[in-house]
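The structure appears right after this line, and notes come after that.
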Amino acid sequence: MPPAASSDPATTQQLAQVKQDVQKTMQDLKDYTYDQKEDFFKTIQSDVDELNQEMSQLSAKIDRASDAVKATAKPKLDSLMVQISKLNIEVDEAKTATESIWGDAKLKVQRAYDDAKQTFHDVADWVDQQPTS
């Protein structure tokens with residue numbers, strides 16, 4: 001029997017909002033100049049903190065799921081953790097970027113953030129499609 005689709009409108013609405021937020025964040029991050037580097041890192045740190053909070057909520061939801069869902073979710077969560085780790089590495093490396101490489105460093109952070117958020121969406125969507133019992 002195929003997994004039931006999520007009927008939780010709050011989760012669907014939350015995911016739609018997260019997707020909008022990612023698009024806005026990506027545009028906002030592109031606008032930071034080298035002189036605004038400190039503000040860029042404040043913004044990205046806030047976004048990373050939010051992602052970590054969402055990850056905690058997702059993990060808690062998985063913890064309440066069946067053993068089969070938990071077992072299947074583990075590699076998906078591990079993949080998400082890898083993406084978040086890559087994001088943190090890119091952020092740390094960008095902090096030492098000089099003006100001449102700022103654009104490239106910022107782009108790497110943006111891509112890592114986008115990858116992490118996409119992986120989060122993929123995992124969250126998968127979890128929402130699992131049966132609730």
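In the structure tokens, the first chain shown is A, the next is B, and so on; residue numbers restart at 1 for each chain, and ligands run from 1 in the order shown.
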Task: Who sits within 12 Å of Leu51 (chain A), only C-alpha atoms, same chain under 4 positions skipped, as JSON, numbers by chain - done: {"A": [18, 21, 22, 44, 45, 46, 47, 55, 56, 57, 58, 80, 81, 83, 84, 85, 87, 88, 113, 114, 115, 116, 117, 118, 119, 120, 121]}
Take the residues just selected and output them with C-alpha atoms as a PDB file, in the first residue's frame.
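Heads up, here's the output in again_28.pdb:
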```
ATOM      1  CA  VAL A  18      10.185  27.963   3.609  1.00  0.00           C
ATOM      2  CA  ASP A  21      12.022  32.323   2.236  1.00  0.00           C
ATOM      3  CA  VAL A  22      14.840  30.488   0.435  1.00  0.00           C
ATOM      4  CA  ILE A  44      23.376  33.805   6.910  1.00  0.00           C
ATOM      5  CA  GLN A  45      23.894  32.865  10.575  1.00  0.00           C
ATOM      6  CA  SER A  46      20.270  33.698  11.264  1.00  0.00           C
ATOM      7  CA  ASP A  47      19.265  31.512   8.327  1.00  0.00           C
ATOM      8  CA  MET A  55      15.874  20.295  11.499  1.00  0.00           C
ATOM      9  CA  SER A  56      15.195  19.754  15.210  1.00  0.00           C
ATOM     10  CA  GLN A  57      11.450  19.878  14.589  1.00  0.00           C
ATOM     11  CA  LEU A  58      11.790  17.436  11.711  1.00  0.00           C
ATOM     12  CA  LEU A  80      20.892  16.672   5.479  1.00  0.00           C
ATOM     13  CA  MET A  81      23.542  16.862   8.180  1.00  0.00           C
ATOM     14  CA  GLN A  83      24.697  19.495   3.612  1.00  0.00           C
ATOM     15  CA  ILE A  84      24.543  21.605   6.773  1.00  0.00           C
ATOM     16  CA  SER A  85      28.184  20.746   7.517  1.00  0.00           C
ATOM     17  CA  LEU A  87      27.281  25.077   4.536  1.00  0.00           C
ATOM     18  CA  ASN A  88      29.132  25.725   7.783  1.00  0.00           C
ATOM     19  CA  TYR A 113      22.679  27.168   1.699  1.00  0.00           C
ATOM     20  CA  ASP A 114      20.458  26.348  -1.259  1.00  0.00           C
ATOM     21  CA  ASP A 115      21.633  22.718  -1.242  1.00  0.00           C
ATOM     22  CA  ALA A 116      20.975  22.395   2.490  1.00  0.00           C
ATOM     23  CA  LYS A 117      17.506  23.915   2.212  1.00  0.00           C
ATOM     24  CA  GLN A 118      16.663  21.713  -0.789  1.00  0.00           C
ATOM     25  CA  THR A 119      17.767  18.617   1.081  1.00  0.00           C
ATOM     26  CA  PHE A 120      15.671  19.746   4.046  1.00  0.00           C
ATOM     27  CA  HIS A 121      12.652  20.169   1.747  1.00  0.00           C
TER      28      HIS A 121
END
```
Open item on the list: Quick check, in Å to one decimal: how far apart do CA of Glu93 (chain A) and CA of Glu54 (chain A) lie?
Closed with: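 One can read the CA of Glu93 (chain A) to CA of Glu54 (chain A) distance as 24.3 Å.
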Task: Val69 (chain A) surroundings by only C-alpha atoms, 12 Å radius, close-in-sequence under 2 positions cut, as a PyMOL selection string - done: chain A and resi 3+59+61-67+71-77+123+126-133
